[in-house]
file work31.txt (compact mmCIF, C-alpha atoms)
# COMPACT_ATOMS: atom_id res chain seq x y z
CA MET A 1 20.30 -29.57 -15.15
CA ARG A 2 17.86 -28.61 -17.87
CA ALA A 3 14.08 -28.39 -17.93
CA LEU A 4 12.14 -31.53 -18.82
CA ASP A 5 12.06 -32.24 -22.54
CA THR A 6 9.06 -30.77 -24.31
CA GLU A 7 8.90 -33.24 -27.18
CA PRO A 8 5.32 -34.58 -27.50
CA LEU A 9 4.83 -37.82 -25.60
CA GLU A 10 3.64 -40.63 -27.82
CA LEU A 11 1.04 -42.49 -25.84
CA ARG A 12 -0.12 -45.88 -26.96
CA ARG A 13 -3.84 -46.59 -26.91
CA LYS A 14 -4.82 -50.22 -26.79
CA ASP A 15 -6.95 -51.59 -29.62
CA ASP A 16 -10.08 -51.88 -27.51
CA GLY A 17 -9.66 -48.33 -26.19
CA MET A 18 -10.20 -49.37 -22.58
CA THR A 19 -8.73 -52.06 -20.39
CA SER A 20 -10.40 -54.08 -17.68
CA ALA A 21 -9.60 -51.52 -14.97
CA ARG A 22 -11.44 -48.84 -16.93
CA GLU A 23 -14.25 -51.12 -17.99
CA GLY A 24 -14.81 -52.10 -14.37
CA ALA A 25 -14.74 -48.57 -13.02
CA GLU A 26 -17.88 -47.55 -11.20
CA LYS A 27 -19.13 -44.05 -10.64
CA SER A 28 -16.56 -42.00 -8.74
CA PRO A 29 -17.11 -41.50 -5.00
CA SER A 30 -19.37 -38.55 -4.27
CA MET A 31 -17.03 -35.61 -3.76
CA HIS A 32 -17.43 -31.88 -4.10
CA VAL A 33 -15.83 -30.70 -7.34
CA TYR A 34 -13.39 -27.92 -6.49
CA GLY A 35 -11.71 -27.41 -9.86
CA ALA A 36 -8.11 -26.39 -10.62
CA GLY A 37 -5.76 -24.58 -8.30
CA LEU A 38 -2.36 -24.29 -6.70
CA GLY A 39 -0.41 -25.63 -3.77
CA TYR A 40 -0.44 -22.78 -1.24
CA ARG A 41 3.05 -21.45 -0.47
CA LYS A 42 3.62 -18.93 2.29
CA GLU A 43 6.26 -17.14 0.22
CA LEU A 44 3.59 -16.26 -2.34
CA SER A 45 0.80 -15.26 0.04
CA GLN A 46 0.42 -11.75 -1.39
CA GLU A 47 0.19 -13.05 -4.95
CA PHE A 48 -2.42 -15.62 -3.90
CA SER A 49 -4.60 -12.91 -2.36
CA ALA A 50 -4.17 -10.56 -5.31
CA HIS A 51 -5.28 -13.22 -7.81
CA ARG A 52 -7.83 -15.16 -5.77
CA ASP A 53 -10.37 -15.06 -8.61
CA ARG A 54 -8.00 -16.85 -11.02
CA PHE A 55 -8.00 -20.28 -9.34
CA ASP A 56 -10.67 -22.47 -7.80
CA VAL A 57 -8.90 -24.08 -4.84
CA VAL A 58 -5.62 -24.13 -2.90
CA GLU A 59 -3.94 -27.17 -1.39
CA ILE A 60 -2.75 -26.81 2.20
CA LEU A 61 0.36 -28.76 3.24
CA ALA A 62 -0.88 -29.84 6.66
CA ASP A 63 2.56 -30.47 8.17
CA GLN A 64 3.42 -26.76 7.86
CA TRP A 65 0.49 -25.70 10.03
CA PHE A 66 0.88 -27.76 13.20
CA GLY A 67 0.72 -25.92 16.51
CA ASP A 68 -1.62 -23.33 17.96
CA GLY A 69 0.48 -20.45 16.64
CA ASN A 70 -0.39 -21.37 13.06
CA ARG A 71 -4.12 -21.89 13.53
CA GLU A 72 -5.15 -18.25 13.24
CA ARG A 73 -3.21 -17.73 10.02
CA LEU A 74 -4.51 -20.96 8.55
CA GLY A 75 -8.03 -19.92 9.49
CA ALA A 76 -7.59 -16.72 7.51
CA ILE A 77 -6.48 -18.70 4.44
CA ILE A 78 -9.48 -21.02 4.75
CA ASP A 79 -11.79 -18.01 4.96
CA GLU A 80 -10.26 -16.67 1.75
CA PHE A 81 -9.97 -19.83 -0.39
CA PRO A 82 -11.60 -23.23 -0.84
CA THR A 83 -9.02 -25.74 0.41
CA VAL A 84 -7.95 -29.37 0.13
CA VAL A 85 -5.43 -30.91 2.54
CA HIS A 86 -2.18 -32.75 1.77
CA GLY A 87 0.53 -34.31 3.95
CA VAL A 88 4.11 -35.56 3.71
CA GLY A 89 5.01 -37.18 7.03
CA MET A 90 2.55 -39.98 7.76
CA SER A 91 4.84 -42.80 6.61
CA VAL A 92 1.99 -45.02 5.47
CA GLY A 93 4.48 -47.69 4.39
CA GLY A 94 6.51 -47.63 7.60
CA ALA A 95 6.77 -50.76 9.73
CA GLY A 96 5.56 -49.01 12.87
CA ARG A 97 2.11 -47.68 13.55
CA ILE A 98 1.49 -44.02 12.80
CA PRO A 99 2.08 -41.91 15.94
CA GLU A 100 -1.23 -40.71 17.34
CA GLU A 101 0.26 -37.30 18.13
CA TYR A 102 0.95 -36.84 14.41
CA LEU A 103 -2.53 -38.03 13.47
CA ALA A 104 -4.06 -35.65 16.01
CA ASN A 105 -2.25 -32.72 14.38
CA ILE A 106 -3.45 -33.82 10.94
CA ARG A 107 -6.99 -34.22 12.24
CA ASP A 108 -6.95 -30.67 13.60
CA VAL A 109 -6.05 -29.31 10.15
CA VAL A 110 -8.54 -31.57 8.36
CA ARG A 111 -11.34 -30.42 10.65
CA LEU A 112 -10.36 -26.76 10.40
CA CYS A 113 -10.44 -27.04 6.60
CA ASP A 114 -13.64 -29.11 6.68
CA ALA A 115 -11.86 -31.51 4.30
CA SER A 116 -13.70 -34.51 2.89
CA PHE A 117 -10.44 -36.47 2.52
CA HIS A 118 -6.74 -36.15 3.36
CA SER A 119 -4.09 -36.93 0.76
CA GLU A 120 -0.76 -38.50 1.67
CA HIS A 121 2.09 -40.25 -0.15
CA LEU A 122 2.31 -44.00 -0.38
CA ALA A 123 5.78 -43.89 1.11
CA VAL A 124 8.07 -44.63 4.04
CA THR A 125 9.35 -41.47 5.70
CA HIS A 126 10.49 -42.95 8.98
CA VAL A 127 11.05 -46.22 10.78
CA PRO A 128 10.97 -46.67 14.56
CA GLY A 129 13.75 -44.50 15.96
CA MET A 130 14.76 -42.81 12.69
CA ASP A 131 13.36 -40.22 10.30
CA SER A 132 14.61 -40.65 6.73
CA GLY A 133 13.72 -37.10 5.69
CA HIS A 134 12.83 -38.53 2.30
CA LEU A 135 9.89 -40.17 0.53
CA CYS A 136 11.00 -43.79 0.08
CA PRO A 137 8.88 -46.34 -1.78
CA PRO A 138 7.51 -49.25 0.26
CA VAL A 139 8.82 -52.73 -0.47
CA ILE A 140 6.42 -54.61 -2.75
CA SER A 141 5.63 -57.73 -0.71
CA GLU A 142 2.73 -59.39 1.06
CA GLU A 143 4.06 -58.31 4.46
CA SER A 144 4.44 -54.71 3.30
CA LEU A 145 0.92 -54.79 1.87
CA ARG A 146 -0.46 -55.90 5.24
CA ILE A 147 1.43 -53.07 6.98
CA CYS A 148 0.15 -50.44 4.55
CA ILE A 149 -3.42 -51.66 4.91
CA ARG A 150 -3.11 -51.59 8.70
CA ASN A 151 -1.72 -48.04 8.68
CA VAL A 152 -4.30 -46.72 6.23
CA GLU A 153 -7.11 -48.21 8.31
CA GLN A 154 -5.61 -46.70 11.46
CA ALA A 155 -5.36 -43.26 9.86
CA GLN A 156 -8.85 -43.30 8.36
CA GLU A 157 -10.43 -44.36 11.63
CA PHE A 158 -8.55 -41.67 13.57
CA LEU A 159 -9.12 -38.86 11.08
CA GLY A 160 -12.73 -39.70 10.29
CA VAL A 161 -12.17 -39.09 6.55
CA PRO A 162 -10.68 -41.25 3.77
CA LEU A 163 -7.04 -41.07 2.80
CA ALA A 164 -6.12 -40.41 -0.82
CA LEU A 165 -2.79 -42.15 -1.47
CA GLU A 166 -0.33 -40.56 -3.89
CA ASN A 167 2.06 -42.41 -6.19
CA ILE A 168 5.66 -41.28 -5.71
CA THR A 169 8.83 -41.37 -7.79
CA TYR A 170 11.49 -43.98 -7.08
CA SER A 171 15.09 -44.57 -8.13
CA VAL A 172 15.02 -48.32 -7.59
CA PRO A 173 11.81 -50.39 -7.59
CA LEU A 174 11.76 -52.38 -4.35
CA GLY A 175 10.46 -55.85 -5.08
CA GLY A 176 8.69 -55.37 -8.39
CA ASN A 177 8.23 -53.41 -11.60
CA HIS A 178 5.72 -50.68 -12.44
CA GLU A 179 2.90 -53.20 -12.82
CA ALA A 180 3.57 -54.58 -9.35
CA ALA A 181 3.66 -51.02 -7.95
CA ALA A 182 0.32 -50.15 -9.55
CA SER A 183 -1.27 -53.39 -8.36
CA PHE A 184 0.10 -52.73 -4.87
CA LEU A 185 -1.64 -49.34 -4.73
CA ALA A 186 -4.82 -50.82 -6.21
CA ASP A 187 -4.84 -53.62 -3.61
CA ILE A 188 -4.55 -51.10 -0.76
CA ALA A 189 -7.41 -49.04 -2.17
CA LYS A 190 -9.59 -52.14 -2.55
CA ALA A 191 -8.83 -53.43 0.95
CA THR A 192 -9.31 -50.12 2.78
CA ASP A 193 -11.76 -48.27 0.51
CA CYS A 194 -9.29 -45.39 0.41
CA LEU A 195 -8.96 -42.94 -2.45
CA ILE A 196 -6.09 -42.14 -4.82
CA LEU A 197 -4.22 -38.96 -5.67
CA LEU A 198 -2.63 -39.48 -9.07
CA ASP A 199 0.54 -37.43 -9.50
CA ILE A 200 0.89 -37.30 -13.28
CA ALA A 201 4.38 -35.80 -13.12
CA ASN A 202 5.54 -38.67 -10.89
CA LEU A 203 3.96 -41.20 -13.23
CA TYR A 204 5.66 -39.62 -16.23
CA ILE A 205 9.05 -39.43 -14.49
CA ASN A 206 8.93 -43.07 -13.43
CA SER A 207 7.92 -44.10 -16.95
CA LYS A 208 10.95 -42.32 -18.39
CA ASN A 209 13.45 -43.46 -15.77
CA HIS A 210 12.25 -47.08 -15.81
CA GLN A 211 11.10 -47.27 -19.43
CA PHE A 212 7.45 -48.25 -19.33
CA ASP A 213 4.22 -46.96 -20.86
CA PRO A 214 2.47 -44.75 -18.27
CA LEU A 215 -0.91 -45.87 -19.58
CA ASP A 216 -0.06 -49.44 -18.61
CA TYR A 217 0.28 -48.23 -15.02
CA LEU A 218 -2.97 -46.29 -15.20
CA ASP A 219 -4.76 -49.34 -16.60
CA LEU A 220 -4.08 -51.24 -13.36
CA LEU A 221 -5.54 -48.59 -11.05
CA PRO A 222 -9.18 -48.35 -9.98
CA VAL A 223 -9.73 -45.07 -11.80
CA ASP A 224 -13.02 -44.50 -10.02
CA ARG A 225 -11.01 -43.97 -6.82
CA ILE A 226 -8.85 -41.16 -8.24
CA VAL A 227 -10.19 -37.96 -6.66
CA GLN A 228 -7.26 -35.61 -7.09
CA ILE A 229 -4.49 -34.88 -9.61
CA HIS A 230 -1.07 -33.32 -9.10
CA LEU A 231 0.88 -31.65 -11.91
CA ALA A 232 4.41 -30.27 -11.64
CA GLY A 233 7.50 -29.47 -13.64
CA GLY A 234 10.87 -31.10 -13.06
CA VAL A 235 14.39 -31.32 -14.44
CA VAL A 236 16.64 -33.80 -16.19
CA THR A 237 20.17 -34.33 -14.87
CA SER A 238 23.24 -34.39 -17.09
CA GLY A 239 23.06 -38.19 -16.81
CA GLY A 240 19.54 -38.27 -18.23
CA LYS A 241 17.67 -38.96 -14.99
CA HIS A 242 14.30 -37.23 -14.63
CA VAL A 243 13.79 -35.58 -11.23
CA ASP A 244 10.55 -34.41 -9.61
CA SER A 245 11.95 -31.07 -8.45
CA HIS A 246 8.76 -28.95 -8.49
CA SER A 247 10.96 -26.17 -9.82
CA GLU A 248 9.73 -25.61 -13.38
CA GLN A 249 6.53 -25.03 -15.30
CA VAL A 250 4.66 -28.15 -16.35
CA GLY A 251 6.26 -29.43 -19.55
CA GLN A 252 4.47 -30.29 -22.77
CA ASP A 253 5.14 -34.00 -22.32
CA ILE A 254 3.31 -34.01 -19.00
CA TRP A 255 0.43 -31.99 -20.47
CA GLU A 256 0.16 -34.67 -23.18
CA LEU A 257 -0.12 -37.37 -20.54
CA ALA A 258 -2.62 -35.28 -18.56
CA SER A 259 -4.87 -35.10 -21.63
CA GLU A 260 -4.79 -38.89 -21.91
CA VAL A 261 -5.54 -39.31 -18.22
CA ALA A 262 -8.48 -36.88 -18.45
CA ARG A 263 -10.22 -39.25 -20.87
CA VAL A 264 -10.88 -41.72 -18.05
CA VAL A 265 -10.26 -39.85 -14.77
CA HIS A 266 -12.70 -37.26 -13.41
CA PRO A 267 -11.14 -35.76 -10.26
CA SER A 268 -12.62 -33.35 -7.76
CA SER A 269 -9.51 -31.17 -7.87
CA VAL A 270 -6.31 -30.65 -9.85
CA ILE A 271 -3.36 -28.96 -8.15
CA ILE A 272 -0.29 -27.36 -9.73
CA GLU A 273 2.72 -27.84 -7.43
CA ARG A 274 5.66 -25.42 -7.30
CA ASP A 275 8.09 -25.48 -4.35
CA GLN A 276 11.16 -23.57 -5.55
CA ASN A 277 12.54 -21.35 -8.30
CA PHE A 278 9.27 -19.43 -8.16
CA PRO A 279 8.38 -17.74 -11.46
CA ASP A 280 6.21 -14.75 -12.16
CA PHE A 281 2.86 -15.67 -10.64
CA LYS A 282 1.28 -15.25 -14.07
CA SER A 283 2.90 -18.47 -15.29
CA LEU A 284 1.36 -20.42 -12.39
CA LEU A 285 -2.03 -18.98 -13.27
CA GLU A 286 -1.49 -20.01 -16.90
CA ASP A 287 -0.76 -23.59 -15.81
CA THR A 288 -3.87 -23.54 -13.61
CA ALA A 289 -6.04 -22.37 -16.51
CA LYS A 290 -4.59 -25.06 -18.77
CA ALA A 291 -5.28 -27.76 -16.17
CA ARG A 292 -8.86 -26.49 -15.80
CA GLY A 293 -9.37 -26.69 -19.57
CA ILE A 294 -8.16 -30.30 -19.64
CA PHE A 295 -9.98 -31.72 -16.61
CA PHE A 296 -12.96 -29.35 -16.28
CA PRO A 297 -13.67 -28.28 -19.88
CA HIS A 298 -17.25 -27.27 -19.12
CA ALA A 299 -16.49 -25.23 -16.01
call {"tool": "encode", "arguments": {"input": "work31.txt", "output": "structure tokens"}}
result
Amino acid sequence: MRALDTEPLELRRKDDGMTSAREGAEKSPSMHVYGAGLGYRKELSQEFSAHRDRFDVVEILADQWFGDGNRERLGAIIDEFPTVVHGVGMSVGGAGRIPEEYLANIRDVVRLCDASFHSEHLAVTHVPGMDSGHLCPPVISEESLRICIRNVEQAQEFLGVPLALENITYSVPLGGNHEAAASFLADIAKATDCLILLDIANLYINSKNHQFDPLDYLDLLPVDRIVQIHLAGGVVTSGGKHVDSHSEQVGQDIWELASEVARVVHPSSVIIERDQNFPDFKSLLEDTAKARGIFFPHA
């Protein structure tokens, strides 16, 4: 594998400069502006503490902190850094209802972090009786839409805070193209009043693998609902497939797309994700500073 290409991404702007989704966007929901930061990784805990003044916020992966034995350590992190909360196992698109035991664990972390929302992937991670161990896209259908709406409403009522749904990568679109996928997410947000976490790396990767303009996808989202941004670096396989590996620095092509997104999206936080192949911490801080300059130029 090789790192994602760094050729500048040529982004098409429509003649009128804005599309109906942007023209119809209202003022973003009232959220505390955290700024730019990093996904907290236990392996890098010493580096985080040593450079705490170089980033504005850390993102806690809630699923890693379940159980009483983790609460004290998580409390120490919260005392040290402003935090936002993210999850991977809710299975918002799954046919079954979300287990209340899982929601109770998430709620404990959300309350401990005093989070104003909880972000989670718009994905299927398990079906009754089986855990896929993978983020699978939901089928694009009316029945699937009803299920997602039901699950989002269940989660928001239980947690007491809004969900922010994240767009994921997919190998095969299930029941529609990128426009259908964007409209599906927009319909859930409209029906449930939930928020959106826009993963720009995922958007870019899907646009390359499925050959569409990423701005066309963005045009169909209610941009006023986008409260958080994810940025990450990935790889390209020998067969030319782009993979969201979270193993590289953010590439120039994704920075180009981020600059376009920043013209119309004003998030409360931007998080750099890195899950493996950890570099010198300095490079993560450089990515954080670059993200801050794009999305919070007056900070």
call {"tool": "closest_residue", "arguments": {"input": "work31.txt", "among": "A:Gly37, A:Pro82, A:Gly87, A:Pro138", "to": "Glu120 of chain A", "atoms": "only C-alpha atoms"}}
result
A:Gly87
call {"tool": "residues_around", "arguments": {"input": "work31.txt", "residues": "segment 271-285 of chain A", "least_positions_apart": "2", "cutoff": "9 Å", "atoms": "all atoms listed in the file", "output": "MDAnalysis selection string"}}
result
chainID A and resid 35:41 44 47:48 51 54:55 57:59 228:233 245:250 269 287:291
call {"tool": "atom_distance", "arguments": {"input": "work31.txt", "atom1": "atom CA of Trp65 of chain A", "atom2": "atom CA of His266 of chain A"}}
result
29.3 Å
call {"tool": "residues_around", "arguments": {"input": "work31.txt", "residues": "Leu197 of chain A", "least_positions_apart": "5", "cutoff": "9 Å", "atoms": "all atoms listed in the file", "output": "PDB file with C-alpha atoms, in the coordinates of the input"}}
result
ATOM      1  CA  SER A 119      -4.090 -36.930   0.760  1.00  0.00           C
ATOM      2  CA  GLU A 120      -0.760 -38.500   1.670  1.00  0.00           C
ATOM      3  CA  HIS A 121       2.090 -40.250  -0.150  1.00  0.00           C
ATOM      4  CA  ALA A 164      -6.120 -40.410  -0.820  1.00  0.00           C
ATOM      5  CA  LEU A 165      -2.790 -42.150  -1.470  1.00  0.00           C
ATOM      6  CA  GLU A 166      -0.330 -40.560  -3.890  1.00  0.00           C
ATOM      7  CA  ASN A 167       2.060 -42.410  -6.190  1.00  0.00           C
ATOM      8  CA  ARG A 225     -11.010 -43.970  -6.820  1.00  0.00           C
ATOM      9  CA  ILE A 226      -8.850 -41.160  -8.240  1.00  0.00           C
ATOM     10  CA  VAL A 227     -10.190 -37.960  -6.660  1.00  0.00           C
ATOM     11  CA  GLN A 228      -7.260 -35.610  -7.090  1.00  0.00           C
ATOM     12  CA  ILE A 229      -4.490 -34.880  -9.610  1.00  0.00           C
ATOM     13  CA  HIS A 230      -1.070 -33.320  -9.100  1.00  0.00           C
ATOM     14  CA  PRO A 267     -11.140 -35.760 -10.260  1.00  0.00           C
TER      15      PRO A 267
END
call {"tool": "closest_residue", "arguments": {"input": "work31.txt", "among": "A:Val243, A:Val223, A:Val235, A:Ala104", "to": "Val264 of chain A", "atoms": "only C-alpha atoms"}}
result
A:Val223
call {"tool": "atom_distance", "arguments": {"input": "work31.txt", "atom1": "atom CA of Leu145 of chain A", "atom2": "atom CA of Pro162 of chain A"}}
result
17.9 Å
call {"tool": "residues_around", "arguments": {"input": "work31.txt", "residues": "segment 157-161 of chain A", "least_positions_apart": "3", "cutoff": "6 Å", "atoms": "all atoms listed in the file", "output": "ChimeraX atom specification"}}
result
/A:107,117,154
call {"tool": "residues_around", "arguments": {"input": "work31.txt", "residues": "Ile205 of chain A", "least_positions_apart": "6", "cutoff": "10 Å", "atoms": "only C-alpha atoms", "output": "ChimeraX atom specification"}}
result
/A:4,168-170,211,214,234-236,241-244,254
call {"tool": "closest_residue", "arguments": {"input": "work31.txt", "among": "A:Leu185, A:Leu174, A:Ala191, A:Cys148", "to": "Arg97 of chain A", "atoms": "only C-alpha atoms"}}
result
A:Cys148
call {"tool": "atom_distance", "arguments": {"input": "work31.txt", "atom1": "atom CA of Leu218 of chain A", "atom2": "atom CA of Ser259 of chain A"}}
result
13.0 Å
call {"tool": "closest_residue", "arguments": {"input": "work31.txt", "among": "A:Arg146, A:Arg111, A:His298, A:His210", "to": "Ile188 of chain A", "atoms": "all atoms listed in the file"}}
result
A:Arg146
call {"tool": "build_atoms", "arguments": {"input": "work31.txt", "residues": "segment 77-88 of chain A", "atoms": "all heavy atoms", "output": "PDB file, keeping the file's coordinate frame"}}
result
ATOM      1  N   ILE A  77      -6.610 -18.146   5.800  1.00  0.00           N
ATOM      2  CA  ILE A  77      -6.480 -18.700   4.440  1.00  0.00           C
ATOM      3  C   ILE A  77      -7.751 -19.458   4.069  1.00  0.00           C
ATOM      4  O   ILE A  77      -8.261 -19.330   2.947  1.00  0.00           O
ATOM      5  CB  ILE A  77      -5.247 -19.617   4.366  1.00  0.00           C
ATOM      6  CG1 ILE A  77      -3.968 -18.804   4.558  1.00  0.00           C
ATOM      7  CG2 ILE A  77      -5.213 -20.366   3.029  1.00  0.00           C
ATOM      8  CD1 ILE A  77      -2.728 -19.647   4.749  1.00  0.00           C
ATOM      9  N   ILE A  78      -8.266 -20.237   5.001  1.00  0.00           N
ATOM     10  CA  ILE A  78      -9.480 -21.020   4.750  1.00  0.00           C
ATOM     11  C   ILE A  78     -10.663 -20.108   4.482  1.00  0.00           C
ATOM     12  O   ILE A  78     -11.533 -20.398   3.650  1.00  0.00           O
ATOM     13  CB  ILE A  78      -9.752 -21.961   5.940  1.00  0.00           C
ATOM     14  CG1 ILE A  78      -8.640 -23.007   6.050  1.00  0.00           C
ATOM     15  CG2 ILE A  78     -11.111 -22.628   5.806  1.00  0.00           C
ATOM     16  CD1 ILE A  78      -8.631 -23.734   7.364  1.00  0.00           C
ATOM     17  N   ASP A  79     -10.709 -18.978   5.194  1.00  0.00           N
ATOM     18  CA  ASP A  79     -11.790 -18.010   4.960  1.00  0.00           C
ATOM     19  C   ASP A  79     -11.698 -17.397   3.571  1.00  0.00           C
ATOM     20  O   ASP A  79     -12.713 -16.992   2.988  1.00  0.00           O
ATOM     21  CB  ASP A  79     -11.737 -16.907   6.015  1.00  0.00           C
ATOM     22  CG  ASP A  79     -12.164 -17.382   7.393  1.00  0.00           C
ATOM     23  OD1 ASP A  79     -12.828 -18.446   7.470  1.00  0.00           O
ATOM     24  OD2 ASP A  79     -11.820 -16.710   8.385  1.00  0.00           O
ATOM     25  N   GLU A  80     -10.477 -17.332   3.029  1.00  0.00           N
ATOM     26  CA  GLU A  80     -10.260 -16.670   1.750  1.00  0.00           C
ATOM     27  C   GLU A  80     -10.396 -17.611   0.554  1.00  0.00           C
ATOM     28  O   GLU A  80     -10.854 -17.207  -0.509  1.00  0.00           O
ATOM     29  CB  GLU A  80      -8.864 -16.041   1.731  1.00  0.00           C
ATOM     30  CG  GLU A  80      -8.618 -15.086   0.580  1.00  0.00           C
ATOM     31  CD  GLU A  80      -7.311 -14.331   0.729  1.00  0.00           C
ATOM     32  OE1 GLU A  80      -6.513 -14.667   1.643  1.00  0.00           O
ATOM     33  OE2 GLU A  80      -7.083 -13.400  -0.061  1.00  0.00           O
ATOM     34  N   PHE A  81     -10.003 -18.892   0.734  1.00  0.00           N
ATOM     35  CA  PHE A  81      -9.970 -19.830  -0.390  1.00  0.00           C
ATOM     36  C   PHE A  81     -10.625 -21.161  -0.033  1.00  0.00           C
ATOM     37  O   PHE A  81     -10.494 -21.627   1.101  1.00  0.00           O
ATOM     38  CB  PHE A  81      -8.522 -20.138  -0.795  1.00  0.00           C
ATOM     39  CG  PHE A  81      -7.637 -18.956  -0.990  1.00  0.00           C
ATOM     40  CD1 PHE A  81      -6.673 -18.636  -0.046  1.00  0.00           C
ATOM     41  CD2 PHE A  81      -7.746 -18.158  -2.127  1.00  0.00           C
ATOM     42  CE1 PHE A  81      -5.836 -17.550  -0.219  1.00  0.00           C
ATOM     43  CE2 PHE A  81      -6.917 -17.069  -2.314  1.00  0.00           C
ATOM     44  CZ  PHE A  81      -5.964 -16.769  -1.358  1.00  0.00           C
ATOM     45  N   PRO A  82     -11.268 -21.815  -1.005  1.00  0.00           N
ATOM     46  CA  PRO A  82     -11.600 -23.230  -0.840  1.00  0.00           C
ATOM     47  C   PRO A  82     -10.301 -24.028  -0.712  1.00  0.00           C
ATOM     48  O   PRO A  82      -9.312 -23.713  -1.392  1.00  0.00           O
ATOM     49  CB  PRO A  82     -12.347 -23.583  -2.127  1.00  0.00           C
ATOM     50  CG  PRO A  82     -12.796 -22.276  -2.686  1.00  0.00           C
ATOM     51  CD  PRO A  82     -11.747 -21.276  -2.282  1.00  0.00           C
ATOM     52  N   THR A  83     -10.269 -25.030   0.152  1.00  0.00           N
ATOM     53  CA  THR A  83      -9.020 -25.740   0.410  1.00  0.00           C
ATOM     54  C   THR A  83      -9.194 -27.254   0.352  1.00  0.00           C
ATOM     55  O   THR A  83     -10.257 -27.792   0.670  1.00  0.00           O
ATOM     56  CB  THR A  83      -8.446 -25.378   1.796  1.00  0.00           C
ATOM     57  OG1 THR A  83      -9.421 -25.685   2.806  1.00  0.00           O
ATOM     58  CG2 THR A  83      -8.091 -23.911   1.885  1.00  0.00           C
ATOM     59  N   VAL A  84      -8.111 -27.929  -0.051  1.00  0.00           N
ATOM     60  CA  VAL A  84      -7.950 -29.370   0.130  1.00  0.00           C
ATOM     61  C   VAL A  84      -6.668 -29.554   0.933  1.00  0.00           C
ATOM     62  O   VAL A  84      -5.818 -28.657   0.981  1.00  0.00           O
ATOM     63  CB  VAL A  84      -7.877 -30.129  -1.213  1.00  0.00           C
ATOM     64  CG1 VAL A  84      -9.216 -30.099  -1.924  1.00  0.00           C
ATOM     65  CG2 VAL A  84      -6.775 -29.573  -2.106  1.00  0.00           C
ATOM     66  N   VAL A  85      -6.517 -30.706   1.582  1.00  0.00           N
ATOM     67  CA  VAL A  85      -5.430 -30.910   2.540  1.00  0.00           C
ATOM     68  C   VAL A  85      -4.520 -32.042   2.081  1.00  0.00           C
ATOM     69  O   VAL A  85      -4.984 -33.107   1.664  1.00  0.00           O
ATOM     70  CB  VAL A  85      -5.987 -31.218   3.948  1.00  0.00           C
ATOM     71  CG1 VAL A  85      -4.846 -31.368   4.954  1.00  0.00           C
ATOM     72  CG2 VAL A  85      -6.940 -30.124   4.400  1.00  0.00           C
ATOM     73  N   HIS A  86      -3.200 -31.801   2.204  1.00  0.00           N
ATOM     74  CA  HIS A  86      -2.180 -32.750   1.770  1.00  0.00           C
ATOM     75  C   HIS A  86      -1.150 -32.914   2.890  1.00  0.00           C
ATOM     76  O   HIS A  86      -0.970 -32.010   3.703  1.00  0.00           O
ATOM     77  CB  HIS A  86      -1.511 -32.197   0.511  1.00  0.00           C
ATOM     78  CG  HIS A  86      -0.560 -33.132  -0.159  1.00  0.00           C
ATOM     79  ND1 HIS A  86      -0.875 -34.433  -0.473  1.00  0.00           N
ATOM     80  CD2 HIS A  86       0.726 -32.948  -0.603  1.00  0.00           C
ATOM     81  CE1 HIS A  86       0.151 -35.006  -1.081  1.00  0.00           C
ATOM     82  NE2 HIS A  86       1.136 -34.124  -1.159  1.00  0.00           N
ATOM     83  N   GLY A  87      -0.485 -34.070   2.934  1.00  0.00           N
ATOM     84  CA  GLY A  87       0.530 -34.310   3.950  1.00  0.00           C
ATOM     85  C   GLY A  87       1.754 -34.997   3.394  1.00  0.00           C
ATOM     86  O   GLY A  87       1.722 -35.573   2.298  1.00  0.00           O
ATOM     87  N   VAL A  88       2.850 -34.950   4.165  1.00  0.00           N
ATOM     88  CA  VAL A  88       4.110 -35.560   3.710  1.00  0.00           C
ATOM     89  C   VAL A  88       4.758 -36.470   4.748  1.00  0.00           C
ATOM     90  O   VAL A  88       5.729 -37.151   4.422  1.00  0.00           O
ATOM     91  CB  VAL A  88       5.129 -34.471   3.298  1.00  0.00           C
ATOM     92  CG1 VAL A  88       4.631 -33.682   2.099  1.00  0.00           C
ATOM     93  CG2 VAL A  88       5.459 -33.540   4.460  1.00  0.00           C
TER      94      VAL A  88
END
